[in-house]
Amino acid sequence: MLYSAILTGITSVFVWNFQPFMKSVGVPVILFGYIYFINHMLRATGSILAKRITDKMTLEKAGIIIYILYLISFIILLFAIQNNNIIICISTIIFICIAIGFQMVFNVGSLARIHGLIPSISRATMSSVNSMLAGLCSGLSLMIFKFFVDYQSLKSAIIMFTILFIFSFIPIRKINKI
């Protein structure tokens with residue numbers, strides 16, 4: 001649940017960046033609607049395919065793949081911010097949307113696993129706790145990110161979150177061992 005919540009928080013940070021990033025590069029505003037649509041279609045696709053994918057690989061492997069995709073997303077986002085290029089911007093955002101689609105596979109698979117482990121009498125409560133934890137991570141991530149953007153820069157905020165994300169692997173790895 002913790003790793004899923006961390007990924008949800010990072011997803012919120014990525015999505016929050018779409019519009020300001022596109023604006024800074026000069027992408028026409030109408031394209032934001034298309035990006036938003038692509039993002040939600042890839043999320044839906046990831047959710048629909050979650051069972052099929054998690055039947056072929058463990059949640060731990062899926063979690064590692066998503067970790068790598070998100071790390072790559074941070075790196076290419078940093079690269080794209082430095083290059084004032086519309087094509088690089090759109091390509092970066094679409095890659096991030098694909099990574100978010102894979103994150104939905106993990107999110108749905110994780111929730112299904114929780115439902116499989118928890119007695120039916122507690123499932124609704126555990127789903128609520130899972131949702132609350134994801135909301136908490138999203139809210140905290142966005143507040144901290146916005147603070148860094150307001151008092152530093154977008155680039156420094158992304159660098160800081162990249163570093164935090166790298167170190168998030170340590171407690172998650174320890175939890176997985178338990």
# chains A, B, ... in the order shown; residues from 1 in each chain; ligands from 1
>>> residues_around(residues="A:Ser91", least_positions_apart="6", cutoff="10 Å", atoms="only C-alpha atoms", output="ChimeraX atom specification")
/A:76-77,80,97
>>> residues_around(residues="A:Tyr36", least_positions_apart="2", cutoff="12 Å", atoms="only C-alpha atoms", output="list of chain:residue names")
A:Val15, A:Trp16, A:Asn17, A:Phe18, A:Gln19, A:Met22, A:Val29, A:Ile30, A:Leu31, A:Phe32, A:Gly33, A:Tyr34, A:Ile38, A:Asn39, A:His40, A:Met41, A:Leu42, A:Arg43, A:Ile90, A:Ile93, A:Ile94, A:Ile96, A:Cys97
>>> atom_distance(atom1="atom CA of A:Ile100", atom2="atom CA of A:Ile68")
12.0 Å
>>> atom_distance(atom1="atom CA of A:Lys51", atom2="atom CA of A:Phe102")
12.2 Å
>>> residues_around(residues="A:Ser138", least_positions_apart="5", cutoff="8 Å", atoms="only C-alpha atoms", output="NGL selection string")
:A and (5-6 or 8-13)
>>> write_last_selection(atoms="all heavy atoms", output="compact mmCIF listing (two decimals), in the first residue's frame")
# COMPACT_ATOMS: atom_id res chain seq x y z
N ALA A 5 0.98 4.14 -2.84
CA ALA A 5 0.68 5.53 -2.46
C ALA A 5 1.80 6.47 -2.91
O ALA A 5 1.53 7.57 -3.41
CB ALA A 5 0.49 5.63 -0.94
N ILE A 6 3.05 6.04 -2.78
CA ILE A 6 4.17 6.85 -3.24
C ILE A 6 4.07 7.07 -4.75
O ILE A 6 4.24 8.19 -5.25
CB ILE A 6 5.52 6.21 -2.85
CG1 ILE A 6 5.74 6.31 -1.34
CG2 ILE A 6 6.68 6.85 -3.61
CD1 ILE A 6 6.90 5.49 -0.82
N THR A 8 1.40 6.98 -6.56
CA THR A 8 0.26 7.86 -6.81
C THR A 8 0.65 9.32 -6.57
O THR A 8 0.27 10.20 -7.34
CB THR A 8 -0.94 7.46 -5.94
OG1 THR A 8 -1.30 6.11 -6.24
CG2 THR A 8 -2.14 8.36 -6.18
N GLY A 9 1.43 9.56 -5.52
CA GLY A 9 1.91 10.92 -5.25
C GLY A 9 2.80 11.44 -6.37
O GLY A 9 2.67 12.59 -6.81
N ILE A 10 3.70 10.60 -6.85
CA ILE A 10 4.58 11.00 -7.95
C ILE A 10 3.78 11.21 -9.22
O ILE A 10 4.04 12.15 -9.99
CB ILE A 10 5.70 9.94 -8.16
CG1 ILE A 10 6.60 9.85 -6.93
CG2 ILE A 10 6.51 10.24 -9.41
CD1 ILE A 10 7.33 11.12 -6.56
N THR A 11 2.76 10.37 -9.44
CA THR A 11 1.88 10.54 -10.60
C THR A 11 1.23 11.93 -10.56
O THR A 11 1.16 12.62 -11.58
CB THR A 11 0.80 9.44 -10.63
OG1 THR A 11 1.44 8.18 -10.76
CG2 THR A 11 -0.18 9.64 -11.76
N SER A 12 0.77 12.33 -9.39
CA SER A 12 0.15 13.65 -9.25
C SER A 12 1.12 14.76 -9.60
O SER A 12 0.75 15.74 -10.25
CB SER A 12 -0.37 13.84 -7.82
OG SER A 12 -1.38 12.93 -7.53
N VAL A 13 2.37 14.61 -9.20
CA VAL A 13 3.39 15.61 -9.52
C VAL A 13 3.62 15.66 -11.03
O VAL A 13 3.69 16.74 -11.63
CB VAL A 13 4.71 15.33 -8.76
CG1 VAL A 13 5.86 16.17 -9.29
CG2 VAL A 13 4.51 15.56 -7.28
>>> residues_around(residues="stretch 144-146 of chain A", least_positions_apart="5", cutoff="9 Å", atoms="only C-alpha atoms", output="ChimeraX atom specification")
/A:13,139,151,154,157-158,160-161
>>> write_last_selection(atoms="C-alpha atoms", output="CSV table (one decimal), in the first residue's frame")
chain,number,residue,atom,x,y,z
A,13,VAL,CA,3.4,15.6,-9.5
A,139,GLY,CA,-1.4,16.0,-1.3
A,151,TYR,CA,10.9,29.3,-3.8
A,154,LEU,CA,10.8,24.0,-11.6
A,157,ALA,CA,11.9,20.8,-7.7
A,158,ILE,CA,12.2,18.0,-10.2
A,160,MET,CA,14.7,17.2,-5.5
A,161,PHE,CA,11.8,14.8,-6.3
>>> closest_residue(among="A:Phe165, A:Phe74, A:Phe106, A:Phe148", to="A:Ser4", atoms="only C-alpha atoms")
A:Phe106
>>> residues_around(residues="A:Gln103", least_positions_apart="3", cutoff="8 Å", atoms="only C-alpha atoms", output="MDAnalysis selection string")
chainID A and resid 7 46 66 99:100 106:107
>>> write_last_selection(atoms="C-alpha atoms", output="PDB file, in the first residue's frame")
ATOM      1  CA  LEU A   7       3.640   6.115  -6.927  1.00  0.00           C
ATOM      2  CA  GLY A  46      -3.537  -0.171 -17.700  1.00  0.00           C
ATOM      3  CA  ILE A  66       7.322   1.096 -12.794  1.00  0.00           C
ATOM      4  CA  ALA A  99       4.501   5.125 -17.382  1.00  0.00           C
ATOM      5  CA  ILE A 100       1.347   6.240 -15.556  1.00  0.00           C
ATOM      6  CA  PHE A 106       0.446  -1.966 -10.259  1.00  0.00           C
ATOM      7  CA  ASN A 107      -2.239   0.006  -8.431  1.00  0.00           C
TER       8      ASN A 107
END
>>> closest_residue(among="A:Ile81, A:Ala124, A:Leu142, A:Val105", to="A:Phe21", atoms="only C-alpha atoms")
A:Ile81
>>> closest_residue(among="A:Val149, A:Ala50, A:Ala44, A:Ala134", to="A:Pro20", atoms="only C-alpha atoms")
A:Val149
>>> closest_residue(among="A:Gln82, A:Val25, A:Tyr3, A:Gly116", to="A:Ala62", atoms="only C-alpha atoms")
A:Tyr3
